[in-house]
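Shown next: my_file.pdb, containing PDB, C-alpha atoms.
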ATOM      1  CA  MET D 520      19.651 -51.384 -50.839  1.00  0.00           C
ATOM      2  CA  SER D 521      21.537 -49.308 -48.277  1.00  0.00           C
ATOM      3  CA  THR D 522      21.737 -45.593 -47.649  1.00  0.00           C
ATOM      4  CA  ILE D 523      25.074 -43.927 -47.028  1.00  0.00           C
ATOM      5  CA  ARG D 524      24.599 -40.752 -44.990  1.00  0.00           C
ATOM      6  CA  VAL D 525      27.221 -38.032 -45.396  1.00  0.00           C
ATOM      7  CA  VAL D 526      27.688 -35.756 -42.395  1.00  0.00           C
ATOM      8  CA  ALA D 527      30.080 -32.860 -41.852  1.00  0.00           C
ATOM      9  CA  GLY D 528      31.439 -30.987 -38.879  1.00  0.00           C
ATOM     10  CA  VAL D 529      33.861 -28.182 -38.102  1.00  0.00           C
ATOM     11  CA  GLY D 530      35.845 -27.854 -34.904  1.00  0.00           C
ATOM     12  CA  THR D 531      38.271 -25.332 -33.469  1.00  0.00           C
ATOM     13  CA  ALA D 532      40.319 -25.953 -30.336  1.00  0.00           C
ATOM     14  CA  PRO D 533      43.841 -25.484 -28.933  1.00  0.00           C
ATOM     15  CA  THR D 534      45.096 -28.870 -30.227  1.00  0.00           C
ATOM     16  CA  GLU D 535      44.553 -30.966 -33.351  1.00  0.00           C
ATOM     17  CA  MET D 536      42.946 -33.787 -31.343  1.00  0.00           C
ATOM     18  CA  ALA D 537      40.582 -31.421 -29.552  1.00  0.00           C
ATOM     19  CA  SER D 538      39.663 -29.846 -32.910  1.00  0.00           C
ATOM     20  CA  TYR D 539      38.959 -33.306 -34.334  1.00  0.00           C
ATOM     21  CA  ASP D 540      36.762 -34.144 -31.319  1.00  0.00           C
ATOM     22  CA  ALA D 541      34.905 -30.833 -31.723  1.00  0.00           C
ATOM     23  CA  ALA D 542      34.309 -31.568 -35.428  1.00  0.00           C
ATOM     24  CA  LEU D 543      32.910 -35.016 -34.564  1.00  0.00           C
ATOM     25  CA  ALA D 544      30.579 -33.374 -32.036  1.00  0.00           C
ATOM     26  CA  ASP D 545      29.489 -30.797 -34.627  1.00  0.00           C
ATOM     27  CA  ALA D 546      28.632 -33.646 -37.010  1.00  0.00           C
ATOM     28  CA  GLY D 547      26.747 -35.531 -34.273  1.00  0.00           C
ATOM     29  CA  ILE D 548      28.988 -38.608 -34.202  1.00  0.00           C
ATOM     30  CA  HIS D 549      31.187 -37.900 -31.163  1.00  0.00           C
ATOM     31  CA  ASN D 550      29.707 -40.495 -28.792  1.00  0.00           C
ATOM     32  CA  TYR D 551      30.293 -43.558 -30.968  1.00  0.00           C
ATOM     33  CA  ASN D 552      33.088 -46.043 -31.598  1.00  0.00           C
ATOM     34  CA  LEU D 553      34.166 -45.163 -35.127  1.00  0.00           C
ATOM     35  CA  VAL D 554      35.210 -48.090 -37.329  1.00  0.00           C
ATOM     36  CA  PRO D 555      36.917 -46.820 -40.503  1.00  0.00           C
ATOM     37  CA  VAL D 556      36.362 -48.667 -43.787  1.00  0.00           C
ATOM     38  CA  SER D 557      37.328 -48.092 -47.428  1.00  0.00           C
ATOM     39  CA  SER D 558      35.530 -45.464 -49.472  1.00  0.00           C
ATOM     40  CA  VAL D 559      34.128 -47.815 -52.113  1.00  0.00           C
ATOM     41  CA  VAL D 560      30.418 -47.099 -52.592  1.00  0.00           C
ATOM     42  CA  PRO D 561      28.344 -50.164 -53.556  1.00  0.00           C
ATOM     43  CA  GLY D 562      26.547 -49.741 -56.880  1.00  0.00           C
ATOM     44  CA  ASP D 563      23.086 -50.141 -55.357  1.00  0.00           C
ATOM     45  CA  ALA D 564      23.639 -47.669 -52.492  1.00  0.00           C
ATOM     46  CA  THR D 565      21.905 -44.320 -52.135  1.00  0.00           C
ATOM     47  CA  VAL D 566      24.128 -41.448 -50.960  1.00  0.00           C
ATOM     48  CA  ALA D 567      22.420 -38.666 -48.986  1.00  0.00           C
ATOM     49  CA  PHE D 568      24.031 -35.531 -47.492  1.00  0.00           C
ATOM     50  CA  VAL D 569      22.284 -35.075 -44.155  1.00  0.00           C
ATOM     51  CA  GLY D 570      24.576 -32.496 -42.525  1.00  0.00           C
ATOM     52  CA  THR D 571      24.307 -33.749 -38.943  1.00  0.00           C
ATOM     53  CA  ALA D 572      23.876 -37.412 -38.084  1.00  0.00           C
ATOM     54  CA  PRO D 573      20.356 -38.592 -37.215  1.00  0.00           C
ATOM     55  CA  ASP D 574      19.687 -40.502 -33.989  1.00  0.00           C
ATOM     56  CA  LEU D 575      22.149 -43.392 -34.125  1.00  0.00           C
ATOM     57  CA  GLY D 576      21.120 -45.146 -30.936  1.00  0.00           C
ATOM     58  CA  PRO D 577      22.833 -45.287 -27.550  1.00  0.00           C
ATOM     59  CA  ALA D 578      26.243 -43.713 -27.017  1.00  0.00           C
ATOM     60  CA  GLY D 579      29.076 -46.185 -27.396  1.00  0.00           C
ATOM     61  CA  ASN D 580      27.570 -48.099 -30.315  1.00  0.00           C
ATOM     62  CA  ARG D 581      29.819 -49.011 -33.228  1.00  0.00           C
ATOM     63  CA  LEU D 582      29.578 -46.678 -36.240  1.00  0.00           C
ATOM     64  CA  THR D 583      31.092 -47.607 -39.593  1.00  0.00           C
ATOM     65  CA  VAL D 584      32.666 -44.514 -41.189  1.00  0.00           C
ATOM     66  CA  VAL D 585      34.779 -43.306 -44.084  1.00  0.00           C
ATOM     67  CA  GLU D 586      36.886 -40.340 -42.955  1.00  0.00           C
TER
END
Can you give me the file's structure in the form of structure tokens?
Amino acid sequence: MSTIRVVAGVGTAPTEMASYDAALADAGIHNYNLVPVSSVVPGDATVAFVGTAPDLGPAGNRLTVVE
């Protein structure tokens, strides 16, 4: 069984890209290589809203996300 962690962030900046980067930082996922996937949740998965991402390991690691 896997756990899907839902995080959220808000960012404000002079440009859309800078706002996006600020929102990623607010959610705690700004230092990772984001790999987008579909939003299909496996039937045996647990979904947990955690607000800000927990420790995900060293910066630069790959992080599978649904945006």
Run the PyMOL selection byres ((chain D and resi 528) around 10) mentally over the shown coordinates, then write out the matched residues as JSON, numbers by chain, using the chain letters and numbers from the document. {"D": [526, 527, 529, 530, 539, 540, 541, 542, 543, 544, 545, 546, 547, 548, 570, 571, 572]}
Identify which of the residues D:Thr531, D:Asn580, D:Thr522, D:Asn550 lies closest to D:Phe568, counting only C-alpha atoms when measuring atom-to-atom distances.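 Of all the options, D:Thr522 lies closest to D:Phe568.
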Shortest contact to D:Leu553, candidates D:Ser521, D:Ser538, D:Thr565, D:Thr583, atoms counted all atoms listed in the file, goes to D:Thr583
Suppose a student applies the PyMOL selection byres ((chain D and resi 579) around 8) to this structure; what residues should they get, written as JSON, numbers by chain? {"D": [550, 551, 552, 577, 578, 580, 581]}
For D:Glu586, which residue among D:Ala532, D:Val554, D:Ile523, D:Ala537 is the nearest when counting all atoms listed in the file? D:Val554
Name the residues captured by the PyMOL selection byres ((chain D and resi 558) around 9) when it is applied to the shown file; answer as a list in words. Val556, Ser557, Val559, Val560, Val584, Val585 and Glu586 of chain D
Work out where the centre of an axis-aligned box around every listed atom of stretch 527-535 of chain D lies and how long its edges are once 5 Å is added on each side; give both in Å to one decimal as AutoDock Vina command-line options.
--center_x 37.6 --center_y -29.1 --center_z -35.4 --size_x 25.0 --size_y 17.5 --size_z 22.9
At what distance in Å, to one decimal, does atom CA of D:Gly576 lie from atom CA of D:Gly562?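 These atoms are spaced 26.9 Å apart.
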